[in-house]
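Containing PDB, C-alpha atoms and all ligand atoms: query_23.pdb.
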```
ATOM      1  CA  MET P   1     -24.334  -9.841  12.657
ATOM      2  CA  SER P   2     -26.173  -8.684   9.547
ATOM      3  CA  PHE P   3     -29.148  -6.562   8.571
ATOM      4  CA  GLN P   4     -31.263  -7.606   5.628
ATOM      5  CA  TYR P   5     -33.029  -4.918   3.653
ATOM      6  CA  GLN P   6     -34.899  -5.760   0.496
ATOM      7  CA  ASN P   7     -32.192  -4.727  -1.967
ATOM      8  CA  ILE P   8     -29.119  -4.231   0.135
ATOM      9  CA  LYS P   9     -27.277  -6.332   2.679
ATOM     10  CA  LEU P  10     -25.402  -4.872   5.602
ATOM     11  CA  GLU P  11     -23.038  -7.427   7.091
ATOM     12  CA  ASN P  12     -20.545  -7.273   9.895
ATOM     13  CA  LYS P  13     -17.498  -9.006   8.364
ATOM     14  CA  GLN P  14     -14.984  -8.358  11.114
ATOM     15  CA  PRO P  15     -15.306  -6.558  14.445
ATOM     16  CA  GLY P  16     -16.490  -3.055  13.557
ATOM     17  CA  VAL P  17     -16.137  -3.582   9.793
ATOM     18  CA  TRP P  18     -19.381  -3.467   7.795
ATOM     19  CA  VAL P  19     -19.950  -4.412   4.180
ATOM     20  CA  MET P  20     -22.923  -2.873   2.389
ATOM     21  CA  THR P  21     -23.777  -4.931  -0.710
ATOM     22  CA  ILE P  22     -26.167  -3.523  -3.299
ATOM     23  CA  HIS P  23     -28.193  -6.567  -4.299
ATOM     24  CA  ARG P  24     -30.509  -6.202  -7.254
ATOM     25  CA  PRO P  25     -28.969  -8.694  -9.687
ATOM     26  CA  GLU P  26     -31.851  -8.622 -12.198
ATOM     27  CA  ALA P  27     -31.000  -4.964 -12.989
ATOM     28  CA  LEU P  28     -27.211  -5.074 -12.491
ATOM     29  CA  ASN P  29     -27.771  -3.463  -9.067
ATOM     30  CA  ALA P  30     -29.240  -0.287 -10.610
ATOM     31  CA  LEU P  31     -30.366   2.229  -8.000
ATOM     32  CA  ASN P  32     -34.087   2.845  -7.719
ATOM     33  CA  ALA P  33     -35.834   5.060  -5.157
ATOM     34  CA  GLN P  34     -36.289   2.123  -2.795
ATOM     35  CA  ILE P  35     -32.566   1.244  -2.774
ATOM     36  CA  LEU P  36     -31.664   4.883  -2.143
ATOM     37  CA  ASN P  37     -34.011   4.884   0.859
ATOM     38  CA  GLU P  38     -32.557   1.619   2.127
ATOM     39  CA  MET P  39     -29.027   2.971   1.710
ATOM     40  CA  GLY P  40     -30.035   6.099   3.603
ATOM     41  CA  ASP P  41     -31.396   3.955   6.448
ATOM     42  CA  ALA P  42     -28.268   1.791   6.507
ATOM     43  CA  VAL P  43     -25.968   4.824   6.589
ATOM     44  CA  ARG P  44     -27.996   6.282   9.484
ATOM     45  CA  GLN P  45     -27.848   2.942  11.271
ATOM     46  CA  ILE P  46     -24.051   2.880  10.941
ATOM     47  CA  SER P  47     -23.716   6.526  12.019
ATOM     48  CA  GLU P  48     -25.686   5.799  15.206
ATOM     49  CA  MET P  49     -23.522   2.830  16.236
ATOM     50  CA  SER P  50     -20.928   3.111  18.965
ATOM     51  CA  PHE P  51     -17.252   3.546  18.180
ATOM     52  CA  GLU P  52     -16.547  -0.172  18.822
ATOM     53  CA  ASP P  53     -19.494  -1.347  16.724
ATOM     54  CA  ALA P  54     -18.815   0.649  13.555
ATOM     55  CA  ARG P  55     -15.240   1.438  12.595
ATOM     56  CA  ALA P  56     -15.330   1.104   8.804
ATOM     57  CA  LEU P  57     -17.635   0.549   5.855
ATOM     58  CA  ILE P  58     -17.027  -1.179   2.525
ATOM     59  CA  ILE P  59     -19.524  -0.698  -0.285
ATOM     60  CA  THR P  60     -19.778  -3.260  -3.069
ATOM     61  CA  GLY P  61     -22.221  -4.791  -5.557
ATOM     62  CA  SER P  62     -23.708  -8.241  -5.645
ATOM     63  CA  GLY P  63     -22.412 -10.739  -8.222
ATOM     64  CA  GLU P  64     -19.418 -10.673 -10.522
ATOM     65  CA  LYS P  65     -20.678  -8.348 -13.221
ATOM     66  CA  ALA P  66     -21.746  -5.080 -11.675
ATOM     67  CA  PHE P  67     -20.995  -2.772  -8.799
ATOM     68  CA  VAL P  68     -23.955  -0.561  -9.763
ATOM     69  CA  ALA P  69     -24.979   0.011 -13.416
ATOM     70  CA  GLY P  70     -26.417   3.435 -12.643
ATOM     71  CA  ALA P  71     -29.700   4.880 -11.550
ATOM     72  CA  ASP P  72     -32.692   2.814 -12.653
ATOM     73  CA  ILE P  73     -33.413   4.052 -16.169
ATOM     74  CA  LYS P  74     -36.805   2.324 -16.324
ATOM     75  CA  GLU P  75     -37.930   4.037 -13.129
ATOM     76  CA  MET P  76     -36.491   7.393 -14.223
ATOM     77  CA  MET P  77     -37.882   7.577 -17.741
ATOM     78  CA  ASP P  78     -41.359   8.827 -16.805
ATOM     79  CA  LEU P  79     -40.390  11.364 -14.143
ATOM     80  CA  ASN P  80     -41.588  14.931 -14.515
ATOM     81  CA  GLN P  81     -39.309  17.874 -13.781
ATOM     82  CA  ASP P  82     -40.092  18.102 -10.048
ATOM     83  CA  GLN P  83     -39.823  14.364  -9.536
ATOM     84  CA  ALA P  84     -36.469  14.326 -11.356
ATOM     85  CA  VAL P  85     -35.132  17.105  -9.115
ATOM     86  CA  GLN P  86     -36.359  15.213  -6.035
ATOM     87  CA  PHE P  87     -34.780  11.964  -7.248
ATOM     88  CA  ALA P  88     -31.446  13.686  -7.906
ATOM     89  CA  LYS P  89     -31.562  15.398  -4.502
ATOM     90  CA  ARG P  90     -32.413  12.134  -2.740
ATOM     91  CA  GLY P  91     -29.369  10.396  -4.254
ATOM     92  CA  GLN P  92     -27.176  13.395  -3.520
ATOM     93  CA  SER P  93     -28.247  13.567   0.119
ATOM     94  CA  VAL P  94     -27.732   9.828   0.746
ATOM     95  CA  PHE P  95     -24.248   9.992  -0.799
ATOM     96  CA  TYR P  96     -23.496  13.167   1.156
ATOM     97  CA  GLU P  97     -24.512  11.530   4.458
ATOM     98  CA  MET P  98     -22.260   8.628   3.553
ATOM     99  CA  ASN P  99     -19.445  11.028   2.803
ATOM    100  CA  LEU P 100     -19.887  12.601   6.257
ATOM    101  CA  LEU P 101     -19.488   9.303   8.135
ATOM    102  CA  LYS P 102     -16.577   9.641  10.544
ATOM    103  CA  ILE P 103     -15.270   6.196   9.646
ATOM    104  CA  PRO P 104     -13.344   5.166   6.511
ATOM    105  CA  VAL P 105     -15.644   4.213   3.623
ATOM    106  CA  ILE P 106     -14.100   2.195   0.767
ATOM    107  CA  ALA P 107     -15.776   1.400  -2.552
ATOM    108  CA  ALA P 108     -14.904  -2.129  -3.683
ATOM    109  CA  VAL P 109     -15.899  -1.902  -7.345
ATOM    110  CA  ASN P 110     -16.566  -5.376  -8.773
ATOM    111  CA  GLY P 111     -17.729  -4.674 -12.337
ATOM    112  CA  PHE P 112     -19.783  -1.935 -13.992
ATOM    113  CA  ALA P 113     -19.758   1.353 -12.053
ATOM    114  CA  LEU P 114     -21.767   3.526 -14.396
ATOM    115  CA  GLY P 115     -23.674   6.756 -13.909
ATOM    116  CA  GLY P 116     -25.093   6.699 -10.379
ATOM    117  CA  GLY P 117     -22.802   3.714  -9.675
ATOM    118  CA  LEU P 118     -19.669   5.732 -10.371
ATOM    119  CA  GLU P 119     -21.191   8.615  -8.407
ATOM    120  CA  LEU P 120     -21.670   6.252  -5.457
ATOM    121  CA  ALA P 121     -18.052   5.082  -5.674
ATOM    122  CA  LEU P 122     -16.864   8.698  -5.907
ATOM    123  CA  ALA P 123     -18.693   9.529  -2.660
ATOM    124  CA  CYS P 124     -16.551   6.919  -0.858
ATOM    125  CA  ASP P 125     -13.152   7.834   0.590
ATOM    126  CA  PHE P 126     -11.351   5.866  -2.089
ATOM    127  CA  ILE P 127     -11.924   3.137  -4.630
ATOM    128  CA  ILE P 128     -10.385  -0.318  -5.025
ATOM    129  CA  ALA P 129     -11.345  -1.984  -8.302
ATOM    130  CA  SER P 130     -11.410  -5.540  -9.605
ATOM    131  CA  GLU P 131      -9.704  -6.239 -12.930
ATOM    132  CA  ASN P 132     -13.086  -6.498 -14.696
ATOM    133  CA  ALA P 133     -14.321  -3.130 -13.381
ATOM    134  CA  LYS P 134     -15.626  -0.601 -15.906
ATOM    135  CA  PHE P 135     -16.286   3.033 -15.148
ATOM    136  CA  GLY P 136     -18.240   5.720 -16.934
ATOM    137  CA  LEU P 137     -20.828   8.457 -16.842
ATOM    138  CA  PRO P 138     -22.996   7.434 -19.822
ATOM    139  CA  GLU P 139     -25.802   9.886 -18.988
ATOM    140  CA  VAL P 140     -25.288  11.948 -22.165
ATOM    141  CA  SER P 141     -26.191   8.861 -24.200
ATOM    142  CA  LEU P 142     -29.597   8.979 -22.464
ATOM    143  CA  GLY P 143     -30.037  12.724 -22.936
ATOM    144  CA  LEU P 144     -29.189  13.311 -19.280
ATOM    145  CA  ILE P 145     -26.370  14.648 -17.161
ATOM    146  CA  PRO P 146     -25.059  13.023 -13.967
ATOM    147  CA  GLY P 147     -27.409  13.899 -11.108
ATOM    148  CA  PHE P 148     -25.961  12.244  -8.010
ATOM    149  CA  GLY P 149     -22.855  14.459  -7.704
ATOM    150  CA  GLY P 150     -20.840  13.184 -10.682
ATOM    151  CA  THR P 151     -20.033  16.539 -12.256
ATOM    152  CA  VAL P 152     -18.769  17.731  -8.870
ATOM    153  CA  ARG P 153     -16.898  14.723  -7.500
ATOM    154  CA  LEU P 154     -15.435  13.355 -10.741
ATOM    155  CA  THR P 155     -13.956  16.767 -11.477
ATOM    156  CA  ARG P 156     -12.356  16.846  -8.049
ATOM    157  CA  ALA P 157     -11.140  13.267  -8.401
ATOM    158  CA  VAL P 158      -9.474  13.371 -11.820
ATOM    159  CA  GLY P 159      -9.320  17.062 -12.779
ATOM    160  CA  ILE P 160     -11.518  19.168 -14.997
ATOM    161  CA  ARG P 161     -10.205  18.024 -18.395
ATOM    162  CA  ARG P 162     -10.521  14.290 -17.718
ATOM    163  CA  ALA P 163     -13.916  14.892 -16.116
ATOM    164  CA  ARG P 164     -15.114  16.849 -19.146
ATOM    165  CA  GLU P 165     -13.840  14.152 -21.507
ATOM    166  CA  LEU P 166     -15.548  11.311 -19.617
ATOM    167  CA  THR P 167     -18.786  13.194 -18.991
ATOM    168  CA  MET P 168     -19.143  14.692 -22.462
ATOM    169  CA  SER P 169     -18.241  11.476 -24.310
ATOM    170  CA  GLY P 170     -20.093   9.101 -21.989
ATOM    171  CA  GLU P 171     -17.382   6.554 -22.772
ATOM    172  CA  MET P 172     -16.525   3.610 -20.568
ATOM    173  CA  ILE P 173     -12.999   3.086 -19.301
ATOM    174  CA  ASN P 174     -11.473  -0.065 -17.883
ATOM    175  CA  ALA P 175      -9.782  -0.582 -14.532
ATOM    176  CA  THR P 176      -6.270   0.051 -15.882
ATOM    177  CA  GLN P 177      -7.311   3.372 -17.416
ATOM    178  CA  ALA P 178      -9.087   4.317 -14.182
ATOM    179  CA  LEU P 179      -5.921   3.507 -12.254
ATOM    180  CA  GLN P 180      -3.791   5.584 -14.619
ATOM    181  CA  MET P 181      -5.969   8.666 -14.141
ATOM    182  CA  GLY P 182      -6.048   8.293 -10.361
ATOM    183  CA  LEU P 183      -9.746   7.470 -10.190
ATOM    184  CA  VAL P 184      -9.002   4.206  -8.370
ATOM    185  CA  ASN P 185      -6.218   3.449  -5.898
ATOM    186  CA  TYR P 186      -5.682  -0.236  -6.705
ATOM    187  CA  VAL P 187      -6.712  -2.888  -9.182
ATOM    188  CA  VAL P 188      -6.826  -6.484  -7.964
ATOM    189  CA  PRO P 189      -8.258  -9.780  -9.238
ATOM    190  CA  LEU P 190     -11.978 -10.046  -8.466
ATOM    191  CA  ALA P 191     -11.457 -12.782  -5.855
ATOM    192  CA  GLU P 192      -9.048 -10.517  -3.983
ATOM    193  CA  LEU P 193     -11.241  -7.430  -3.954
ATOM    194  CA  LEU P 194     -12.765  -7.766  -0.499
ATOM    195  CA  PRO P 195      -9.556  -9.144   1.058
ATOM    196  CA  ALA P 196      -7.669  -6.134  -0.375
ATOM    197  CA  ALA P 197     -10.160  -3.692   1.140
ATOM    198  CA  LEU P 198     -10.035  -5.518   4.483
ATOM    199  CA  GLN P 199      -6.239  -5.518   4.421
ATOM    200  CA  LYS P 200      -6.090  -1.763   3.835
ATOM    201  CA  LEU P 201      -8.619  -1.252   6.616
ATOM    202  CA  GLU P 202      -6.482  -3.300   9.007
ATOM    203  CA  LEU P 203      -3.776  -0.658   8.657
ATOM    204  CA  ILE P 204      -6.176   2.293   8.907
ATOM    205  CA  LEU P 205      -7.886   0.779  11.956
ATOM    206  CA  SER P 206      -4.550   0.389  13.726
ATOM    207  CA  ARG P 207      -4.227   4.199  13.714
ATOM    208  CA  SER P 208      -5.963   6.642  16.029
ATOM    209  CA  PRO P 209      -9.671   6.519  15.080
ATOM    210  CA  LEU P 210     -10.044  10.132  16.159
ATOM    211  CA  ALA P 211      -7.119  11.261  13.992
ATOM    212  CA  VAL P 212      -8.412   9.219  11.041
ATOM    213  CA  ALA P 213     -11.868  10.825  11.394
ATOM    214  CA  GLU P 214     -10.430  14.320  11.764
ATOM    215  CA  SER P 215      -8.045  13.939   8.828
ATOM    216  CA  LYS P 216     -11.001  12.822   6.690
ATOM    217  CA  LYS P 217     -13.001  15.823   7.889
ATOM    218  CA  SER P 218     -10.159  18.237   7.163
ATOM    219  CA  ILE P 219      -9.702  16.867   3.628
ATOM    220  CA  ASN P 220     -13.461  16.964   2.948
ATOM    221  CA  GLN P 221     -13.800  20.514   4.246
ATOM    222  CA  ALA P 222     -10.752  21.673   2.291
ATOM    223  CA  PHE P 223     -12.718  21.081  -0.921
ATOM    224  CA  ASP P 224     -15.320  23.638   0.075
ATOM    225  CA  LEU P 225     -12.987  26.312   1.440
ATOM    226  CA  ALA P 226     -10.476  28.757   0.012
ATOM    227  CA  THR P 227      -6.836  27.788   0.683
ATOM    228  CA  GLU P 228      -6.352  30.242   3.546
ATOM    229  CA  GLU P 229      -9.513  29.121   5.338
ATOM    230  CA  ALA P 230      -8.721  25.462   4.703
ATOM    231  CA  LEU P 231      -5.272  25.913   6.263
ATOM    232  CA  GLN P 232      -6.791  27.676   9.276
ATOM    233  CA  ASN P 233      -9.330  24.896   9.607
ATOM    234  CA  GLU P 234      -6.536  22.292   9.517
ATOM    235  CA  ALA P 235      -4.628  24.160  12.234
ATOM    236  CA  GLN P 236      -7.768  24.296  14.429
ATOM    237  CA  ILE P 237      -8.386  20.572  14.064
ATOM    238  CA  PHE P 238      -4.667  19.913  14.708
ATOM    239  CA  GLY P 239      -4.917  21.984  17.896
ATOM    240  CA  MET P 240      -8.158  20.328  19.040
ATOM    241  CA  LEU P 241      -6.439  16.935  18.912
ATOM    242  CA  PHE P 242      -4.115  18.092  21.700
ATOM    243  CA  THR P 243      -7.102  17.902  24.055
ATOM    244  CA  SER P 244      -7.602  14.209  23.191
ATOM    245  CA  SER P 245      -6.395  11.001  24.823
ATOM    246  CA  ASP P 246      -5.487   9.545  21.417
ATOM    247  CA  THR P 247      -2.922  12.292  20.759
ATOM    248  CA  ARG P 248      -1.433  11.948  24.234
ATOM    249  CA  GLU P 249      -1.303   8.158  23.860
ATOM    250  CA  GLY P 250       0.115   8.213  20.320
ATOM    251  CA  THR P 251       2.961  10.589  21.090
ATOM    252  CA  LYS P 252       3.726   8.970  24.484
ATOM    253  CA  ALA P 253       3.816   5.490  22.935
ATOM    254  CA  PHE P 254       6.317   6.714  20.339
ATOM    255  CA  VAL P 255       8.613   8.118  23.013
ATOM    256  CA  GLU P 256       8.247   4.967  25.125
ATOM    257  CA  LYS P 257       8.928   2.811  22.026
ATOM    258  CA  ARG P 258       5.722   0.791  22.342
ATOM    259  CA  LYS P 259       2.527   0.298  20.348
ATOM    260  CA  PRO P 260      -0.161   2.884  21.095
ATOM    261  CA  LEU P 261      -3.486   1.826  22.571
ATOM    262  CA  PHE P 262      -6.016   4.181  21.024
ATOM    263  CA  THR P 263      -9.539   4.665  22.362
ATOM    264  CA  GLY P 264     -10.851   7.098  19.767
ATOM    265  CA  GLU P 265     -11.277   9.847  22.367
TER     266      GLU P 265
HETATM  267  N1  LIG Y 301     -31.382   0.801 -15.079
HETATM  268  C1  LIG Y 301     -32.326  -0.162 -15.211
HETATM  269  N2  LIG Y 301     -32.049  -1.407 -15.638
HETATM  270  C2  LIG Y 301     -30.773  -1.686 -15.967
HETATM  271  C3  LIG Y 301     -29.748  -0.729 -15.859
HETATM  272  C4  LIG Y 301     -30.096   0.557 -15.400
HETATM  273  N3  LIG Y 301     -29.184   1.534 -15.217
HETATM  274  N4  LIG Y 301     -28.585  -1.287 -16.269
HETATM  275  C5  LIG Y 301     -28.888  -2.545 -16.604
HETATM  276  N5  LIG Y 301     -30.188  -2.796 -16.422
HETATM  277  C6  LIG Y 301     -30.926  -4.046 -16.668
HETATM  278  C7  LIG Y 301     -31.145  -4.264 -18.150
HETATM  279  O1  LIG Y 301     -32.276  -3.541 -18.596
HETATM  280  C8  LIG Y 301     -31.344  -5.770 -18.191
HETATM  281  O2  LIG Y 301     -32.652  -6.062 -17.762
HETATM  282  P1  LIG Y 301     -33.611  -6.989 -18.688
HETATM  283  O3  LIG Y 301     -32.901  -8.307 -18.724
HETATM  284  O4  LIG Y 301     -34.891  -6.996 -17.933
HETATM  285  O5  LIG Y 301     -33.661  -6.326 -20.029
HETATM  286  C9  LIG Y 301     -30.402  -6.272 -17.108
HETATM  287  O6  LIG Y 301     -30.136  -5.157 -16.270
HETATM  288  C10 LIG Y 301     -29.068  -6.783 -17.658
HETATM  289  O7  LIG Y 301     -28.512  -5.761 -18.438
HETATM  290  P2  LIG Y 301     -28.045  -5.980 -19.971
HETATM  291  O8  LIG Y 301     -28.800  -7.082 -20.579
HETATM  292  O9  LIG Y 301     -28.093  -4.648 -20.633
HETATM  293  O10 LIG Y 301     -26.546  -6.447 -19.725
HETATM  294  P3  LIG Y 301     -25.325  -6.264 -20.755
HETATM  295  O11 LIG Y 301     -24.216  -7.090 -20.195
HETATM  296  O12 LIG Y 301     -25.750  -6.514 -22.137
HETATM  297  O13 LIG Y 301     -24.924  -4.714 -20.652
HETATM  298  C11 LIG Y 301     -24.457  -2.641 -19.490
HETATM  299  C12 LIG Y 301     -24.413  -4.185 -19.445
HETATM  300  C13 LIG Y 301     -23.459  -2.132 -20.545
HETATM  301  C14 LIG Y 301     -24.069  -2.138 -18.118
HETATM  302  C15 LIG Y 301     -25.890  -2.191 -19.885
HETATM  303  O14 LIG Y 301     -26.821  -2.841 -19.026
HETATM  304  C16 LIG Y 301     -26.107  -0.700 -19.752
HETATM  305  O15 LIG Y 301     -25.684   0.050 -20.587
HETATM  306  N6  LIG Y 301     -26.807  -0.284 -18.674
HETATM  307  C17 LIG Y 301     -27.143   1.115 -18.474
HETATM  308  C18 LIG Y 301     -25.943   1.899 -17.997
HETATM  309  C19 LIG Y 301     -26.300   3.364 -17.850
HETATM  310  O16 LIG Y 301     -26.625   4.043 -18.797
HETATM  311  N7  LIG Y 301     -26.214   3.859 -16.603
HETATM  312  C20 LIG Y 301     -26.485   5.254 -16.290
HETATM  313  C21 LIG Y 301     -27.920   5.423 -15.928
HETATM  314  S1  LIG Y 301     -28.338   7.122 -15.711
HETATM  315  C22 LIG Y 301     -27.775   7.519 -14.190
HETATM  316  O17 LIG Y 301     -27.181   6.728 -13.508
HETATM  317  C23 LIG Y 301     -28.048   8.926 -13.735
HETATM  318  C24 LIG Y 301     -27.711   9.125 -12.256
HETATM  319  C25 LIG Y 301     -28.309  10.430 -11.773
HETATM  320  C26 LIG Y 301     -29.784  10.352 -11.716
HETATM  321  C27 LIG Y 301     -30.461  11.640 -11.432
HETATM  322  C28 LIG Y 301     -31.920  11.461 -11.639
HETATM  323  C29 LIG Y 301     -32.718  12.621 -11.831
END
```

For the file at hand, write its structure as structure tokens.
Amino acid sequence: MSFQYQNIKLENKQPGVWVMTIHRPEALNALNAQILNEMGDAVRQISEMSFEDARALIITGSGEKAFVAGADIKEMMDLNQDQAVQFAKRGQSVFYEMNLLKIPVIAAVNGFALGGGLELALACDFIIASENAKFGLPEVSLGLIPGFGGTVRLTRAVGIRRARELTMSGEMINATQALQMGLVNYVVPLAELLPAALQKLELILSRSPLAVAESKKSINQAFDLATEEALQNEAQIFGMLFTSSDTREGTKAFVEKRKPLFTGE
């Protein structure tokens, strides 16, 4: 099954596994207002699907050159102050909704991930990169700062000093450098990018979907809470799982030395 928007494709690659491809090759998949709206619709569509129908999402770019080369500079250049705030908020809210999805979301970065493109990848649960991937926040070279969450999420991803260096210099780094600083989890040849993401998902999807969703929630919430509150939150979620079938099934299957059969409930 697949859904065709104008500039993105949403395809069901394997049962429950969706691939969202940003497809605007003439502009290296740069994000304009229309793509952001389409992404928002696609994310809502996924979030409304049943547990069996949507278990994971991979985000990638069309072609071999770019994941997403940023927000659309040509569309942005004539914005006034209010329009610029609205555009930034629109991107932020779409990425935030994506971040809140209960399923694993992997960025499969297949080339340039610049500006809004890196911000999109950072809003995913983790990043797998192809060998030709390039990352950067070049906004300062345009007289801008990142506006789709980059100053927040890059800092959390690689630490404040690396984030300052990348954001203030606007320099591009390659996949090996991104791997070394912990921005990406793996680097693979381009042809193996999607297979690598699917392989990692196979493992994640063999686990309790409820526990996977709750662990993601606990990690996400920990960023916004003080340590003591985050620990309390973790304990509450841990406790809540003891009311679920997945926890009963997972622990029972271990004791009975068999594979668990999770239902996500
Ligand atoms: N926006 C619009 N068009 C773009 C973009 C972009 N971000 N990136 C590439 N394109 C277009 C080019 O204009 C070109 O189109 P045309 O053929 O019509 O001139 C086509 O894509 C191919 O690009 P190039 O010819 O430049 O390809 P190269 O291989 O020579 O270079 C690069 C590739 C290095 C990726 C180069 O295209 C580049 O530097 N692109 C811009 C990268 C950039 O600066 N990105 C950050 C944008 S700002 C941003 O993302 C802010 C996010 C927050 C927004 C908040 C808003 C308020």

Please identify all polymer residues within 7 Å of region 69-86 of chain P, counting all atoms listed in the file, omitting same-chain residues fewer than 3 positions from it, and present them as a VMD selection string.
-> chain P and resid 28 to 32 66 89 to 90 112 to 117

Pull C-alpha atoms from the residues just selected and write them as a compact mmCIF listing (two decimals), keeping the file's coordinate frame.
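Wrote it out as out35.txt, contents follow:
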```txt
# COMPACT_ATOMS: atom_id res chain seq x y z
CA LEU P 28 -27.21 -5.07 -12.49
CA ASN P 29 -27.77 -3.46 -9.07
CA ALA P 30 -29.24 -0.29 -10.61
CA LEU P 31 -30.37 2.23 -8.00
CA ASN P 32 -34.09 2.84 -7.72
CA ALA P 66 -21.75 -5.08 -11.68
CA LYS P 89 -31.56 15.40 -4.50
CA ARG P 90 -32.41 12.13 -2.74
CA PHE P 112 -19.78 -1.94 -13.99
CA ALA P 113 -19.76 1.35 -12.05
CA LEU P 114 -21.77 3.53 -14.40
CA GLY P 115 -23.67 6.76 -13.91
CA GLY P 116 -25.09 6.70 -10.38
CA GLY P 117 -22.80 3.71 -9.68
```

Kindly provide, as AutoDock Vina command-line options, the centre and edge lengths (Å, one decimal) of an axis-aligned box around all atoms of ligand LIG 301 (chain Y) given in the file, with 5 Å on each side.
```
--center_x -29.2 --center_y 2.2 --center_z -16.8 --size_x 21.4 --size_y 30.9 --size_z 20.7
```

In terms of the shortest atom-to-atom distance over only C-alpha atoms, which of P:Ala235, P:Ile127, P:Leu36, P:Leu166 is closest to Ile58 (chain P)?
->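 Of the candidates, the smallest distance to Ile58 (chain P) is held by P:Ile127.
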
Any chance you could work out the residue set of the PyMOL selection byres (((chain P and resi 153-163) around 8) and not hetatm) here, as a compact mmCIF listing (two decimals) with C-alpha atoms, in the coordinates of the input?
```txt
# COMPACT_ATOMS: atom_id res chain seq x y z
CA GLU P 119 -21.19 8.62 -8.41
CA LEU P 122 -16.86 8.70 -5.91
CA ALA P 123 -18.69 9.53 -2.66
CA GLY P 149 -22.86 14.46 -7.70
CA GLY P 150 -20.84 13.18 -10.68
CA THR P 151 -20.03 16.54 -12.26
CA VAL P 152 -18.77 17.73 -8.87
CA ARG P 164 -15.11 16.85 -19.15
CA GLU P 165 -13.84 14.15 -21.51
CA LEU P 166 -15.55 11.31 -19.62
CA THR P 167 -18.79 13.19 -18.99
CA MET P 181 -5.97 8.67 -14.14
CA GLY P 182 -6.05 8.29 -10.36
CA LEU P 183 -9.75 7.47 -10.19
```

Between CA of Gly264 (chain P) and CA of Met240 (chain P) lies a distance of 13.5 Å

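With all atoms listed in the file as the basis for measurement, P:Lys65 is the residue among P:Lys65, P:Arg55, P:Lys257, P:Lys9 that approaches ligand LIG 301 (chain Y) most closely.
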
Using all atoms listed in the file, find the one residue out of P:Pro189, P:Pro104, P:Pro25, P:Gly61 that sits nearest to Glu131 (chain P).
->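 Ranked by minimum distance to Glu131 (chain P), first place goes to P:Pro189.
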
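Closest approach to ligand LIG 301 (chain Y) from the set P:Val94, P:Met172, P:Ile103, P:Leu190 is made by P:Met172, with distances taken over only C-alpha atoms and all ligand atoms.
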
Go through the shown structure with the PyMOL selection byres (((chain P and resi 198) around 12) and not hetatm) and write out the matching residues as a PyMOL selection string.
-> chain P and resi 12-19+55-59+104-108+128+192-197+199-205

Atomic distance atom N7 of ligand LIG 301 (chain Y) - CA of Gln180 (chain P), expressed in Å with one decimal = 22.6 Å

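Compared by their closest atoms to ligand LIG 301 (chain Y), and using all atoms listed in the file, the residues P:Pro260, P:Gly147, P:Pro209, P:Gly250 rank with P:Gly147 nearest.
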
Which of these residues is nearest to ligand LIG 301 (chain Y), using all atoms listed in the file: P:Ser50, P:Asn7, P:Ser141, P:Ser130?
-> P:Ser141

What does the distance between CA of His23 (chain P) and CA of Gly91 (chain P) come to in Å, to one decimal place?
->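 It comes out at 17.0 Å.
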
Report as a count of residues only the residues that result from applying the PyMOL selection byres (((chain P and resi 241) around 12) and not hetatm) to the structure here.
-> 27

Take region 132-142 of chain P, bring it up to N, CA and C atoms, and give me the output as a CSV table (one decimal), in the coordinates of the input.
```csv
chain,number,residue,atom,x,y,z
P,132,ASN,N,-12.0,-6.6,-13.7
P,132,ASN,CA,-13.1,-6.5,-14.7
P,132,ASN,C,-13.9,-5.2,-14.5
P,133,ALA,N,-13.5,-4.3,-13.6
P,133,ALA,CA,-14.3,-3.1,-13.4
P,133,ALA,C,-14.3,-2.2,-14.6
P,134,LYS,N,-15.5,-1.6,-14.8
P,134,LYS,CA,-15.6,-0.6,-15.9
P,134,LYS,C,-16.3,0.6,-15.3
P,135,PHE,N,-15.8,1.8,-15.7
P,135,PHE,CA,-16.3,3.0,-15.1
P,135,PHE,C,-16.8,3.9,-16.3
P,136,GLY,N,-17.8,4.7,-16.0
P,136,GLY,CA,-18.2,5.7,-16.9
P,136,GLY,C,-19.4,6.5,-16.4
P,137,LEU,N,-19.6,7.7,-17.1
P,137,LEU,CA,-20.8,8.5,-16.8
P,137,LEU,C,-21.6,8.5,-18.2
P,138,PRO,N,-22.4,7.5,-18.5
P,138,PRO,CA,-23.0,7.4,-19.8
P,138,PRO,C,-24.3,8.3,-20.0
P,139,GLU,N,-24.5,9.2,-19.0
P,139,GLU,CA,-25.8,9.9,-19.0
P,139,GLU,C,-26.1,10.6,-20.3
P,140,VAL,N,-25.0,11.2,-20.9
P,140,VAL,CA,-25.3,11.9,-22.2
P,140,VAL,C,-25.9,11.1,-23.3
P,141,SER,N,-25.6,9.8,-23.2
P,141,SER,CA,-26.2,8.9,-24.2
P,141,SER,C,-27.7,8.7,-24.0
P,142,LEU,N,-28.2,9.1,-22.8
P,142,LEU,CA,-29.6,9.0,-22.5
P,142,LEU,C,-30.3,10.4,-22.5
```
